[in-house]
Every structure is written in C-alpha cells, then in structure tokens.
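See below for the structure under consideration.
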Amino acid sequence: MSNARSRPGAVRALRAAIMSPSPIPALLMSPIRYKQLDVFAARHGGGNPLGVVVDAQGWSDSRMQRFAHWTNLVETTFLMPPRVDGADYRARIYTPTKEIPFAGHPTIGSAHAALDAGLVTPDAAGIVWQECGAGVLPIRVEGDGPTRELFVQSPKARIVGDASRGGETLSAVLYGVKLGALAPACVEGGRRWWVAEFADESVLRGWRPDHAAIRALALATDTLGLCVFARSAEGLAVRAFPAGVGIVEDPASGAANGLIAAYVAERDTSGALANGYVVSQGREVGHDARIIIRIDGDAVWVGGRTNTIIDGHVDWQEWEPAA
C-alpha cells in the first residue's frame, strides 16, 4: 500500500497547501458583519425578526435584493454611510421582493444594530439620525444594555378616506363585527393602511378574517391592508393584515402602529389614549410583541426593545443569476 512517505511529491503539495495563504483568513480580515434581531419583543422570540447587514457600503441594488430574498425575512436592512447632511448613517430596507422607503421595525432594528456596532453615538439630546427612503428620521435612545428602548418619530400621517372609500369591499371584510367608538378610516404616512376599532378585545383576538377579502380591499384601494385594534388594560391590542404585499398577519408593526396612533390622536383628542399607550400584538400568530406609543402634540413616537439573536458575519458574493 502506498503512503505519503513513499510519495514525496504529495508531501510537498500538502506542505505547500498548509503554508500558502488561505481564502478563509482573507475573508476574516475584512468581515461583513450581520445581525439577526428580534424587534419590539416582550420576550425573546416574541417580536418581529429583522436581518441587518452592518457593512453594506459598495453593495449593488441587485446584491441587496438577492440577499433579502435569500433570508426570506419580512425585511432585511443594509447600513452604509449617509448621503445627506444631518444623518448619522443610511439604512436601505428590502423585503424579499422589493425595496421600500420606510417601515417601523426595520428602522428601530437598524438603529439598534448601528449603536451596537459602534457606527453611531447619540447626540446631546439622546437622538441618532437615520437616513432612509422616507427622509432623515430622529430616533430617541433611552437607557442602555438589554433594557435600552429606541423610539422613532413616525412620518406625518393623515386620514385620506373614510369607510365609504372602502365601499362594499371593506363592509365584507368587517361583516358581523361590532365596531368600537372610532369609525374605520384609511390613513397614510409613509405607508397606507385601513384601520378599524373593534368594540371588544376578546373578539379581536379570536377573529378569523377572510384574508382573500382583505387582499381584495388592499388591491382595490392601493393600501397594504387592514389593521384592527381594541382597547385593553394597558392600551391597545392590535392585529395587522398586510395582504397587499402577500403577508397573512404581521406579528409586530411599527409603521402601522404609528398610523393607528396618529388616527387616535386626531379622532380621540381627550381620551385615555391621547398621550400614548402600550400595544400588545402578535399573540395570535405565536409571538408576543410589546410596542410603546408616545404622542407629543402632533408628533408620534413608536418604540420598544430589541434583542440581538444572531451576531456574526455574512459571505455573500456579487454575481448575476443565469438567464
């Protein structure tokens, strides 16, 4: 039987392979950092997952889109230097199929990742400034470590239609539901949603909607879908159905809750919710999100805690898929 001792050529080749530079150390010299987060979580695994590529400078649009498609998370964000004065960094937000200008949990999660990676420190007012497709947004930092809470000031929102705009399609979705004090409305601010108040929290949590009807409503009115809420001991219980982008139910919706808060602030100016409240969302789909709403005049702040679940590196090469 032959062995390495009788094959000097093989020994020399093996020695050369061991001593030569390896592609692995080359990769580790300049790693691309990647974090997977649990945003708006009352407990680990309770929030909305988010992937964040921390060092995405130089990534092409197609490279980001392919990676977001591969992660198959609701959103994946990519951090890079800002383009505009006043911003600390830039976050680009991708779903598995397209780039979007703004969403709540990707905004909060991106700020969490940027802070943990040392890309940014809060200013004297405790604010970091994040550039995204909706402009430069202030993010308030409160506390540090595992109890740190981040709040984003939601884009200005406005009511753009009442129930009559939804017509029979909206009526079909809400058929048989006893509604609450605030009438259904279409609200726009960064994104556009239908919102409706249920009269009873238990009915809200047990509701089994017609998802095809919600998708028909979203497509007919150029909205993401429907958010429903009911008053609870802490504030609101919320469920969000973004059927317009093919999602059955969202476990934690920052942007949607910002729109609900703007709607409440306009329609219920002196009630118990007028200055803010706590949202419970996601229990119906196995999550447990806790979202904090603060209403300061016409400014709505949406926030909560984020947990880092995975902290490592990504190796994602640039290539063009075969035709």
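For the structure tokens, the naming scheme is as follows: chains receive sequential letters (A, B, ...) according to their order of presentation, residues are indexed from 1 within each chain, and ligands are indexed from 1 in presentation order.
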
May I have the residues within 12 Å of Val203 (chain A) as a tab-separated table (two decimals) with N, CA and C atoms, in the first residue's frame, using only C-alpha atoms and disregarding those fewer than 2 positions away in the same chain?
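Heads up, here's the output in result.tsv:
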```tsv
chain	number	residue	atom	x	y	z
A	176	GLY	N	-70.29	41.50	10.38
A	176	GLY	CA	-70.59	40.78	11.60
A	176	GLY	C	-69.80	41.23	12.81
A	177	VAL	N	-68.84	42.16	12.63
A	177	VAL	CA	-68.02	42.64	13.74
A	177	VAL	C	-68.66	43.86	14.38
A	178	LYS	N	-68.77	43.86	15.70
A	178	LYS	CA	-69.22	45.05	16.41
A	178	LYS	C	-68.04	46.00	16.54
A	179	LEU	N	-68.16	47.17	15.92
A	179	LEU	CA	-67.06	48.12	15.89
A	179	LEU	C	-67.06	49.01	17.12
A	180	GLY	N	-65.89	49.64	17.39
A	180	GLY	CA	-65.73	50.50	18.54
A	180	GLY	C	-66.13	51.94	18.27
A	197	GLU	N	-61.52	50.01	14.59
A	197	GLU	CA	-61.57	49.67	16.01
A	197	GLU	C	-62.66	48.64	16.28
A	198	PHE	N	-62.29	47.57	16.98
A	198	PHE	CA	-63.26	46.59	17.46
A	198	PHE	C	-63.74	47.02	18.84
A	199	ALA	N	-64.96	46.66	19.17
A	199	ALA	CA	-65.53	47.04	20.46
A	199	ALA	C	-65.01	46.18	21.60
A	200	ASP	N	-64.49	44.99	21.30
A	200	ASP	CA	-64.14	44.05	22.35
A	200	ASP	C	-62.80	43.37	22.06
A	201	GLU	N	-61.90	43.35	23.06
A	201	GLU	CA	-60.57	42.76	22.86
A	201	GLU	C	-60.64	41.26	22.58
A	205	ARG	N	-59.06	39.24	19.35
A	205	ARG	CA	-58.05	38.18	19.43
A	205	ARG	C	-58.56	36.88	18.81
A	206	GLY	N	-59.84	36.66	18.84
A	206	GLY	CA	-60.39	35.43	18.28
A	206	GLY	C	-60.86	35.55	16.83
A	207	TRP	N	-60.74	36.72	16.25
A	207	TRP	CA	-61.27	36.97	14.91
A	207	TRP	C	-60.51	36.15	13.86
A	208	ARG	N	-61.25	35.55	12.98
A	208	ARG	CA	-60.68	34.81	11.85
A	208	ARG	C	-61.13	35.50	10.56
A	209	PRO	N	-60.34	36.42	10.07
A	209	PRO	CA	-60.78	37.23	8.92
A	209	PRO	C	-60.71	36.46	7.62
A	228	VAL	N	-56.55	46.21	12.72
A	228	VAL	CA	-57.69	46.30	13.62
A	228	VAL	C	-57.16	46.36	15.05
A	229	PHE	N	-57.89	47.06	15.91
A	229	PHE	CA	-57.44	47.23	17.28
A	229	PHE	C	-58.63	47.28	18.22
A	230	ALA	N	-58.34	46.99	19.48
A	230	ALA	CA	-59.35	47.10	20.54
A	230	ALA	C	-58.66	47.62	21.80
A	231	ARG	N	-59.37	48.33	22.60
A	231	ARG	CA	-58.82	48.89	23.84
A	231	ARG	C	-58.60	47.76	24.86
A	232	SER	N	-57.50	47.89	25.60
A	232	SER	CA	-57.13	46.86	26.58
A	232	SER	C	-56.71	47.53	27.87
A	237	ALA	N	-54.80	46.34	22.00
A	237	ALA	CA	-54.42	45.10	21.34
A	237	ALA	C	-54.59	45.33	19.86
A	238	VAL	N	-53.58	44.93	19.07
A	238	VAL	CA	-53.56	45.24	17.64
A	238	VAL	C	-53.30	43.97	16.84
A	239	ARG	N	-53.96	43.88	15.68
A	239	ARG	CA	-53.64	42.85	14.70
A	239	ARG	C	-53.52	43.54	13.34
A	284	GLU	N	-51.63	36.05	18.46
A	284	GLU	CA	-52.46	35.16	17.64
A	284	GLU	C	-51.64	34.37	16.64
```

Rows by chain and residue number, region 185-249 of chain A within 12 Å of region 57-80 of chain A, shortest pair, only C-alpha atoms, as a tab-separated table:
```
residue	atom	partner	partner_atom	distance
A:Pro242	CA	A:Val74	CA	11.0
A:Val245	CA	A:Val74	CA	10.1
A:Gly246	CA	A:Val74	CA	10.4
A:Ile247	CA	A:Val74	CA	8.5
A:Val248	CA	A:Val74	CA	11.4
A:Glu249	CA	A:Val74	CA	10.9
```

* Asked: Using only C-alpha atoms, which residues sit within 7 Å of Leu217 (chain A) once same-chain residues fewer than 5 positions away are excluded, as a list in words?
  ->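 Contacts, in chain order: Thr169, Leu170 and Gly225 of chain A.
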
* To do: Just the residues within 12 Å of Ser171 (chain A), please, counting only C-alpha atoms, with nothing from its chain fewer than 3 positions along; format it as a ChimeraX atom specification.
  => /A:162-168,174-179,184,196,210,213-214,216-217

* DSSP alpha helix (DSSP H) residues within region 87-193 of chain A, listed as an NGL selection string -> :A and (104-116 or 163-173)

Could you build a table of the residues in region 160-255 of chain A lying no more than 12 Å from region 108-117 of chain A, giving for each the nearest pair of atoms and their separation in Å rounded to one decimal place, using only C-alpha atoms, ordered by chain and ascending residue number, as CSV?
```
residue,atom,partner,partner_atom,distance
A:Ala252,CA,A:Ile108,CA,11.8
A:Ser253,CA,A:Ile108,CA,11.1
A:Gly254,CA,A:Ile108,CA,8.5
A:Ala255,CA,A:Ile108,CA,10.5
```

* For CA of Asn257 (chain A) and CA of Ala240 (chain A), quote the distance in Å rounded to one decimal. =>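 Between CA of Asn257 (chain A) and CA of Ala240 (chain A) the gap works out to 9.0 Å.
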
Write out as a PDB file with N, CA and C atoms, in the first residue's frame all residues of region 26-248 of chain A that DSSP puts in strand (DSSP E or B) for this structure's backbone.
```pdb
ATOM      1  N   ILE A  32     -17.850  41.073   6.776  1.00  0.00           N
ATOM      2  CA  ILE A  32     -19.068  41.862   6.652  1.00  0.00           C
ATOM      3  C   ILE A  32     -19.981  41.427   7.790  1.00  0.00           C
ATOM      4  N   ARG A  33     -20.234  42.350   8.705  1.00  0.00           N
ATOM      5  CA  ARG A  33     -20.995  42.000   9.904  1.00  0.00           C
ATOM      6  C   ARG A  33     -22.484  41.842   9.588  1.00  0.00           C
ATOM      7  N   TYR A  34     -23.098  40.877  10.259  1.00  0.00           N
ATOM      8  CA  TYR A  34     -24.516  40.595  10.064  1.00  0.00           C
ATOM      9  C   TYR A  34     -25.149  40.275  11.413  1.00  0.00           C
ATOM     10  N   LYS A  35     -26.317  40.852  11.636  1.00  0.00           N
ATOM     11  CA  LYS A  35     -27.063  40.587  12.863  1.00  0.00           C
ATOM     12  C   LYS A  35     -28.491  40.188  12.507  1.00  0.00           C
ATOM     13  N   GLN A  36     -29.026  39.246  13.275  1.00  0.00           N
ATOM     14  CA  GLN A  36     -30.449  38.944  13.164  1.00  0.00           C
ATOM     15  C   GLN A  36     -31.101  39.298  14.491  1.00  0.00           C
ATOM     16  N   LEU A  37     -32.129  40.127  14.405  1.00  0.00           N
ATOM     17  CA  LEU A  37     -32.701  40.779  15.577  1.00  0.00           C
ATOM     18  C   LEU A  37     -34.144  40.365  15.805  1.00  0.00           C
ATOM     19  N   ASP A  38     -34.579  40.605  17.020  1.00  0.00           N
ATOM     20  CA  ASP A  38     -35.954  40.367  17.457  1.00  0.00           C
ATOM     21  C   ASP A  38     -36.476  41.714  17.955  1.00  0.00           C
ATOM     22  N   VAL A  39     -37.246  42.393  17.115  1.00  0.00           N
ATOM     23  CA  VAL A  39     -37.616  43.793  17.354  1.00  0.00           C
ATOM     24  C   VAL A  39     -39.006  43.882  17.981  1.00  0.00           C
ATOM     25  N   ALA A  41     -39.811  43.088  21.082  1.00  0.00           N
ATOM     26  CA  ALA A  41     -40.103  41.833  21.770  1.00  0.00           C
ATOM     27  C   ALA A  41     -40.369  42.053  23.251  1.00  0.00           C
ATOM     28  N   ASN A  48     -40.625  40.909  16.048  1.00  0.00           N
ATOM     29  CA  ASN A  48     -40.598  40.743  14.593  1.00  0.00           C
ATOM     30  C   ASN A  48     -39.139  40.573  14.166  1.00  0.00           C
ATOM     31  N   PRO A  49     -38.790  39.494  13.459  1.00  0.00           N
ATOM     32  CA  PRO A  49     -37.395  39.287  13.077  1.00  0.00           C
ATOM     33  C   PRO A  49     -36.935  40.264  12.010  1.00  0.00           C
ATOM     34  N   LEU A  50     -35.642  40.591  12.068  1.00  0.00           N
ATOM     35  CA  LEU A  50     -35.035  41.505  11.094  1.00  0.00           C
ATOM     36  C   LEU A  50     -33.589  41.095  10.879  1.00  0.00           C
ATOM     37  N   GLY A  51     -33.165  41.046   9.632  1.00  0.00           N
ATOM     38  CA  GLY A  51     -31.760  40.861   9.309  1.00  0.00           C
ATOM     39  C   GLY A  51     -31.125  42.209   9.009  1.00  0.00           C
ATOM     40  N   VAL A  52     -29.882  42.421   9.486  1.00  0.00           N
ATOM     41  CA  VAL A  52     -29.179  43.683   9.252  1.00  0.00           C
ATOM     42  C   VAL A  52     -27.757  43.388   8.776  1.00  0.00           C
ATOM     43  N   VAL A  53     -27.426  43.813   7.560  1.00  0.00           N
ATOM     44  CA  VAL A  53     -26.054  43.785   7.075  1.00  0.00           C
ATOM     45  C   VAL A  53     -25.433  45.111   7.485  1.00  0.00           C
ATOM     46  N   THR A  76     -35.117  42.961   5.439  1.00  0.00           N
ATOM     47  CA  THR A  76     -33.691  42.943   5.728  1.00  0.00           C
ATOM     48  C   THR A  76     -33.165  44.335   5.420  1.00  0.00           C
ATOM     49  N   THR A  77     -32.298  44.881   6.279  1.00  0.00           N
ATOM     50  CA  THR A  77     -31.773  46.223   6.054  1.00  0.00           C
ATOM     51  C   THR A  77     -30.273  46.185   5.832  1.00  0.00           C
ATOM     52  N   PHE A  78     -29.796  47.243   5.192  1.00  0.00           N
ATOM     53  CA  PHE A  78     -28.392  47.351   4.804  1.00  0.00           C
ATOM     54  C   PHE A  78     -27.897  48.729   5.220  1.00  0.00           C
ATOM     55  N   LEU A  79     -26.875  48.775   6.075  1.00  0.00           N
ATOM     56  CA  LEU A  79     -26.374  50.027   6.620  1.00  0.00           C
ATOM     57  C   LEU A  79     -25.155  50.491   5.841  1.00  0.00           C
ATOM     58  N   MET A  80     -25.076  51.794   5.631  1.00  0.00           N
ATOM     59  CA  MET A  80     -23.993  52.385   4.847  1.00  0.00           C
ATOM     60  C   MET A  80     -23.861  53.853   5.218  1.00  0.00           C
ATOM     61  N   TYR A  89     -26.127  57.828   9.512  1.00  0.00           N
ATOM     62  CA  TYR A  89     -25.911  56.667   8.652  1.00  0.00           C
ATOM     63  C   TYR A  89     -27.154  56.514   7.775  1.00  0.00           C
ATOM     64  N   ARG A  90     -27.066  55.615   6.820  1.00  0.00           N
ATOM     65  CA  ARG A  90     -28.187  55.364   5.911  1.00  0.00           C
ATOM     66  C   ARG A  90     -28.617  53.911   6.039  1.00  0.00           C
ATOM     67  N   ALA A  91     -29.915  53.679   6.066  1.00  0.00           N
ATOM     68  CA  ALA A  91     -30.471  52.325   6.092  1.00  0.00           C
ATOM     69  C   ALA A  91     -31.349  52.128   4.864  1.00  0.00           C
ATOM     70  N   ARG A  92     -31.062  51.100   4.110  1.00  0.00           N
ATOM     71  CA  ARG A  92     -31.926  50.713   2.997  1.00  0.00           C
ATOM     72  C   ARG A  92     -32.701  49.465   3.400  1.00  0.00           C
ATOM     73  N   ILE A  93     -33.986  49.462   3.105  1.00  0.00           N
ATOM     74  CA  ILE A  93     -34.902  48.442   3.613  1.00  0.00           C
ATOM     75  C   ILE A  93     -35.441  47.628   2.440  1.00  0.00           C
ATOM     76  N   TYR A  94     -35.238  46.323   2.501  1.00  0.00           N
ATOM     77  CA  TYR A  94     -35.706  45.422   1.442  1.00  0.00           C
ATOM     78  C   TYR A  94     -36.619  44.347   2.010  1.00  0.00           C
ATOM     79  N   GLU A  99     -37.452  46.937  -2.667  1.00  0.00           N
ATOM     80  CA  GLU A  99     -37.028  47.924  -1.682  1.00  0.00           C
ATOM     81  C   GLU A  99     -38.220  48.794  -1.304  1.00  0.00           C
ATOM     82  N   ILE A 100     -38.309  49.159  -0.015  1.00  0.00           N
ATOM     83  CA  ILE A 100     -39.385  50.027   0.454  1.00  0.00           C
ATOM     84  C   ILE A 100     -38.776  51.230   1.178  1.00  0.00           C
ATOM     85  N   ILE A 127     -30.410  61.565  20.630  1.00  0.00           N
ATOM     86  CA  ILE A 127     -31.006  61.244  19.336  1.00  0.00           C
ATOM     87  C   ILE A 127     -29.928  60.758  18.371  1.00  0.00           C
ATOM     88  N   VAL A 128     -30.253  59.745  17.578  1.00  0.00           N
ATOM     89  CA  VAL A 128     -29.467  59.401  16.397  1.00  0.00           C
ATOM     90  C   VAL A 128     -30.344  59.670  15.179  1.00  0.00           C
ATOM     91  N   TRP A 129     -29.689  59.989  14.058  1.00  0.00           N
ATOM     92  CA  TRP A 129     -30.406  60.425  12.863  1.00  0.00           C
ATOM     93  C   TRP A 129     -30.169  59.416  11.744  1.00  0.00           C
ATOM     94  N   GLN A 130     -31.246  58.781  11.318  1.00  0.00           N
ATOM     95  CA  GLN A 130     -31.177  57.703  10.329  1.00  0.00           C
ATOM     96  C   GLN A 130     -31.779  58.149   9.011  1.00  0.00           C
ATOM     97  N   GLU A 131     -30.985  58.045   7.952  1.00  0.00           N
ATOM     98  CA  GLU A 131     -31.482  58.327   6.608  1.00  0.00           C
ATOM     99  C   GLU A 131     -32.123  57.068   6.044  1.00  0.00           C
ATOM    100  N   CYS A 132     -33.307  57.228   5.461  1.00  0.00           N
ATOM    101  CA  CYS A 132     -33.970  56.121   4.774  1.00  0.00           C
ATOM    102  C   CYS A 132     -34.753  56.701   3.610  1.00  0.00           C
ATOM    103  N   GLY A 135     -36.751  59.894   4.251  1.00  0.00           N
ATOM    104  CA  GLY A 135     -36.061  61.102   4.701  1.00  0.00           C
ATOM    105  C   GLY A 135     -35.103  60.784   5.842  1.00  0.00           C
ATOM    106  N   VAL A 136     -34.761  61.813   6.621  1.00  0.00           N
ATOM    107  CA  VAL A 136     -33.886  61.648   7.781  1.00  0.00           C
ATOM    108  C   VAL A 136     -34.763  61.660   9.031  1.00  0.00           C
ATOM    109  N   LEU A 137     -34.768  60.538   9.744  1.00  0.00           N
ATOM    110  CA  LEU A 137     -35.681  60.367  10.872  1.00  0.00           C
ATOM    111  C   LEU A 137     -34.924  60.397  12.189  1.00  0.00           C
ATOM    112  N   PRO A 138     -35.458  61.102  13.189  1.00  0.00           N
ATOM    113  CA  PRO A 138     -34.847  61.066  14.522  1.00  0.00           C
ATOM    114  C   PRO A 138     -35.241  59.800  15.264  1.00  0.00           C
ATOM    115  N   ILE A 139     -34.271  59.197  15.936  1.00  0.00           N
ATOM    116  CA  ILE A 139     -34.523  58.015  16.758  1.00  0.00           C
ATOM    117  C   ILE A 139     -34.010  58.304  18.157  1.00  0.00           C
ATOM    118  N   ARG A 140     -34.912  58.276  19.116  1.00  0.00           N
ATOM    119  CA  ARG A 140     -34.587  58.602  20.501  1.00  0.00           C
ATOM    120  C   ARG A 140     -34.069  57.353  21.205  1.00  0.00           C
ATOM    121  N   VAL A 141     -32.946  57.509  21.916  1.00  0.00           N
ATOM    122  CA  VAL A 141     -32.315  56.406  22.632  1.00  0.00           C
ATOM    123  C   VAL A 141     -32.534  56.619  24.127  1.00  0.00           C
ATOM    124  N   GLU A 142     -33.144  55.644  24.785  1.00  0.00           N
ATOM    125  CA  GLU A 142     -33.394  55.729  26.219  1.00  0.00           C
ATOM    126  C   GLU A 142     -32.823  54.497  26.907  1.00  0.00           C
ATOM    127  N   GLU A 149     -34.334  51.153  25.191  1.00  0.00           N
ATOM    128  CA  GLU A 149     -35.513  51.312  24.326  1.00  0.00           C
ATOM    129  C   GLU A 149     -35.232  52.392  23.294  1.00  0.00           C
ATOM    130  N   LEU A 150     -35.629  52.132  22.079  1.00  0.00           N
ATOM    131  CA  LEU A 150     -35.467  53.080  20.979  1.00  0.00           C
ATOM    132  C   LEU A 150     -36.833  53.482  20.458  1.00  0.00           C
ATOM    133  N   PHE A 151     -36.959  54.778  20.102  1.00  0.00           N
ATOM    134  CA  PHE A 151     -38.219  55.306  19.598  1.00  0.00           C
ATOM    135  C   PHE A 151     -37.967  56.076  18.313  1.00  0.00           C
ATOM    136  N   VAL A 152     -38.758  55.801  17.295  1.00  0.00           N
ATOM    137  CA  VAL A 152     -38.664  56.551  16.054  1.00  0.00           C
ATOM    138  C   VAL A 152     -39.867  57.480  15.948  1.00  0.00           C
ATOM    139  N   GLN A 153     -39.595  58.704  15.506  1.00  0.00           N
ATOM    140  CA  GLN A 153     -40.707  59.613  15.240  1.00  0.00           C
ATOM    141  C   GLN A 153     -41.291  59.238  13.890  1.00  0.00           C
ATOM    142  N   ARG A 158     -51.904  61.267   7.838  1.00  0.00           N
ATOM    143  CA  ARG A 158     -53.183  61.962   7.645  1.00  0.00           C
ATOM    144  C   ARG A 158     -54.242  60.954   7.229  1.00  0.00           C
ATOM    145  N   ILE A 159     -55.459  61.253   7.586  1.00  0.00           N
ATOM    146  CA  ILE A 159     -56.590  60.424   7.187  1.00  0.00           C
ATOM    147  C   ILE A 159     -56.972  60.807   5.763  1.00  0.00           C
ATOM    148  N   VAL A 160     -56.966  59.832   4.858  1.00  0.00           N
ATOM    149  CA  VAL A 160     -57.213  60.130   3.445  1.00  0.00           C
ATOM    150  C   VAL A 160     -58.550  59.580   2.952  1.00  0.00           C
ATOM    151  N   GLY A 161     -59.300  58.917   3.813  1.00  0.00           N
ATOM    152  CA  GLY A 161     -60.596  58.404   3.387  1.00  0.00           C
ATOM    153  C   GLY A 161     -61.352  57.785   4.536  1.00  0.00           C
ATOM    154  N   ASP A 162     -62.672  57.780   4.453  1.00  0.00           N
ATOM    155  CA  ASP A 162     -63.493  57.132   5.464  1.00  0.00           C
ATOM    156  C   ASP A 162     -64.025  55.813   4.914  1.00  0.00           C
ATOM    157  N   LEU A 179     -68.161  47.170  15.919  1.00  0.00           N
ATOM    158  CA  LEU A 179     -67.060  48.119  15.892  1.00  0.00           C
ATOM    159  C   LEU A 179     -67.059  49.010  17.123  1.00  0.00           C
ATOM    160  N   ALA A 185     -61.154  54.060   8.921  1.00  0.00           N
ATOM    161  CA  ALA A 185     -60.576  55.113   8.085  1.00  0.00           C
ATOM    162  C   ALA A 185     -59.359  54.565   7.357  1.00  0.00           C
ATOM    163  N   CYS A 186     -59.023  55.242   6.271  1.00  0.00           N
ATOM    164  CA  CYS A 186     -57.798  54.958   5.521  1.00  0.00           C
ATOM    165  C   CYS A 186     -56.778  56.031   5.910  1.00  0.00           C
ATOM    166  N   VAL A 187     -55.615  55.601   6.419  1.00  0.00           N
ATOM    167  CA  VAL A 187     -54.617  56.523   6.954  1.00  0.00           C
ATOM    168  C   VAL A 187     -53.311  56.341   6.189  1.00  0.00           C
ATOM    169  N   GLU A 188     -52.686  57.458   5.854  1.00  0.00           N
ATOM    170  CA  GLU A 188     -51.453  57.431   5.068  1.00  0.00           C
ATOM    171  C   GLU A 188     -50.352  58.190   5.800  1.00  0.00           C
ATOM    172  N   GLY A 189     -49.154  57.598   5.834  1.00  0.00           N
ATOM    173  CA  GLY A 189     -47.994  58.252   6.423  1.00  0.00           C
ATOM    174  C   GLY A 189     -46.787  57.357   6.253  1.00  0.00           C
ATOM    175  N   ARG A 191     -46.606  54.777   4.691  1.00  0.00           N
ATOM    176  CA  ARG A 191     -47.341  53.685   4.074  1.00  0.00           C
ATOM    177  C   ARG A 191     -48.825  53.954   4.296  1.00  0.00           C
ATOM    178  N   ARG A 192     -49.684  53.212   3.623  1.00  0.00           N
ATOM    179  CA  ARG A 192     -51.131  53.458   3.701  1.00  0.00           C
ATOM    180  C   ARG A 192     -51.844  52.190   4.160  1.00  0.00           C
ATOM    181  N   TRP A 193     -52.679  52.348   5.201  1.00  0.00           N
ATOM    182  CA  TRP A 193     -53.419  51.230   5.790  1.00  0.00           C
ATOM    183  C   TRP A 193     -54.875  51.628   6.018  1.00  0.00           C
ATOM    184  N   TRP A 194     -55.740  50.633   6.015  1.00  0.00           N
ATOM    185  CA  TRP A 194     -57.063  50.769   6.612  1.00  0.00           C
ATOM    186  C   TRP A 194     -56.956  50.442   8.094  1.00  0.00           C
ATOM    187  N   VAL A 195     -57.634  51.197   8.947  1.00  0.00           N
ATOM    188  CA  VAL A 195     -57.655  50.921  10.378  1.00  0.00           C
ATOM    189  C   VAL A 195     -59.104  50.878  10.845  1.00  0.00           C
ATOM    190  N   ALA A 196     -59.374  49.977  11.788  1.00  0.00           N
ATOM    191  CA  ALA A 196     -60.732  49.844  12.320  1.00  0.00           C
ATOM    192  C   ALA A 196     -60.654  49.415  13.773  1.00  0.00           C
ATOM    193  N   GLU A 197     -61.523  50.007  14.590  1.00  0.00           N
ATOM    194  CA  GLU A 197     -61.571  49.670  16.015  1.00  0.00           C
ATOM    195  C   GLU A 197     -62.659  48.641  16.275  1.00  0.00           C
ATOM    196  N   PHE A 198     -62.287  47.567  16.979  1.00  0.00           N
ATOM    197  CA  PHE A 198     -63.260  46.587  17.458  1.00  0.00           C
ATOM    198  C   PHE A 198     -63.737  47.018  18.843  1.00  0.00           C
ATOM    199  N   LEU A 226     -55.242  45.841   6.221  1.00  0.00           N
ATOM    200  CA  LEU A 226     -56.110  46.272   7.316  1.00  0.00           C
ATOM    201  C   LEU A 226     -55.440  46.058   8.662  1.00  0.00           C
ATOM    202  N   CYS A 227     -55.492  47.089   9.528  1.00  0.00           N
ATOM    203  CA  CYS A 227     -55.114  46.988  10.945  1.00  0.00           C
ATOM    204  C   CYS A 227     -56.374  47.120  11.781  1.00  0.00           C
ATOM    205  N   VAL A 228     -56.546  46.209  12.717  1.00  0.00           N
ATOM    206  CA  VAL A 228     -57.689  46.298  13.624  1.00  0.00           C
ATOM    207  C   VAL A 228     -57.163  46.365  15.048  1.00  0.00           C
ATOM    208  N   PHE A 229     -57.885  47.060  15.905  1.00  0.00           N
ATOM    209  CA  PHE A 229     -57.437  47.226  17.285  1.00  0.00           C
ATOM    210  C   PHE A 229     -58.634  47.278  18.220  1.00  0.00           C
ATOM    211  N   ALA A 230     -58.345  46.990  19.481  1.00  0.00           N
ATOM    212  CA  ALA A 230     -59.351  47.101  20.542  1.00  0.00           C
ATOM    213  C   ALA A 230     -58.658  47.620  21.797  1.00  0.00           C
ATOM    214  N   ARG A 231     -59.373  48.331  22.600  1.00  0.00           N
ATOM    215  CA  ARG A 231     -58.818  48.885  23.845  1.00  0.00           C
ATOM    216  C   ARG A 231     -58.602  47.762  24.857  1.00  0.00           C
ATOM    217  N   GLY A 235     -53.554  49.533  27.022  1.00  0.00           N
ATOM    218  CA  GLY A 235     -53.707  50.486  25.929  1.00  0.00           C
ATOM    219  C   GLY A 235     -54.496  49.899  24.794  1.00  0.00           C
ATOM    220  N   LEU A 236     -53.785  49.220  23.856  1.00  0.00           N
ATOM    221  CA  LEU A 236     -54.453  48.616  22.708  1.00  0.00           C
ATOM    222  C   LEU A 236     -53.923  47.215  22.452  1.00  0.00           C
ATOM    223  N   ALA A 237     -54.804  46.342  22.000  1.00  0.00           N
ATOM    224  CA  ALA A 237     -54.415  45.097  21.344  1.00  0.00           C
ATOM    225  C   ALA A 237     -54.586  45.331  19.857  1.00  0.00           C
ATOM    226  N   VAL A 238     -53.583  44.928  19.075  1.00  0.00           N
ATOM    227  CA  VAL A 238     -53.561  45.237  17.639  1.00  0.00           C
ATOM    228  C   VAL A 238     -53.298  43.969  16.837  1.00  0.00           C
ATOM    229  N   ARG A 239     -53.959  43.878  15.684  1.00  0.00           N
ATOM    230  CA  ARG A 239     -53.636  42.851  14.699  1.00  0.00           C
ATOM    231  C   ARG A 239     -53.518  43.540  13.335  1.00  0.00           C
ATOM    232  N   ALA A 240     -52.528  43.114  12.555  1.00  0.00           N
ATOM    233  CA  ALA A 240     -52.261  43.754  11.260  1.00  0.00           C
ATOM    234  C   ALA A 240     -52.199  42.697  10.170  1.00  0.00           C
ATOM    235  N   PHE A 241     -52.906  42.960   9.069  1.00  0.00           N
ATOM    236  CA  PHE A 241     -53.018  42.012   7.966  1.00  0.00           C
ATOM    237  C   PHE A 241     -52.570  42.690   6.667  1.00  0.00           C
TER     238      PHE A 241
END
```

* Which neighbours of Ile295 (chain A) fall inside 7 Å, counting only C-alpha atoms, when residues of the same chain fewer than 2 positions from it are skipped, and could you give them as JSON, numbers by chain? -> {"A": [274, 275, 276, 293, 297, 299, 300, 301]}

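From CA of Ala262 (chain A) back to CA of Ala157 (chain A), the distance works out to 6.3 Å.
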
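The spacing separating CA of Pro155 (chain A) from CA of Ala134 (chain A) amounts to 7.6 Å.
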
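Minimum atom-to-atom distance to Ala218 (chain A), evaluated using only C-alpha atoms, belongs to A:Val173 out of A:Ala272, A:Gly126, A:Glu266, A:Val173.
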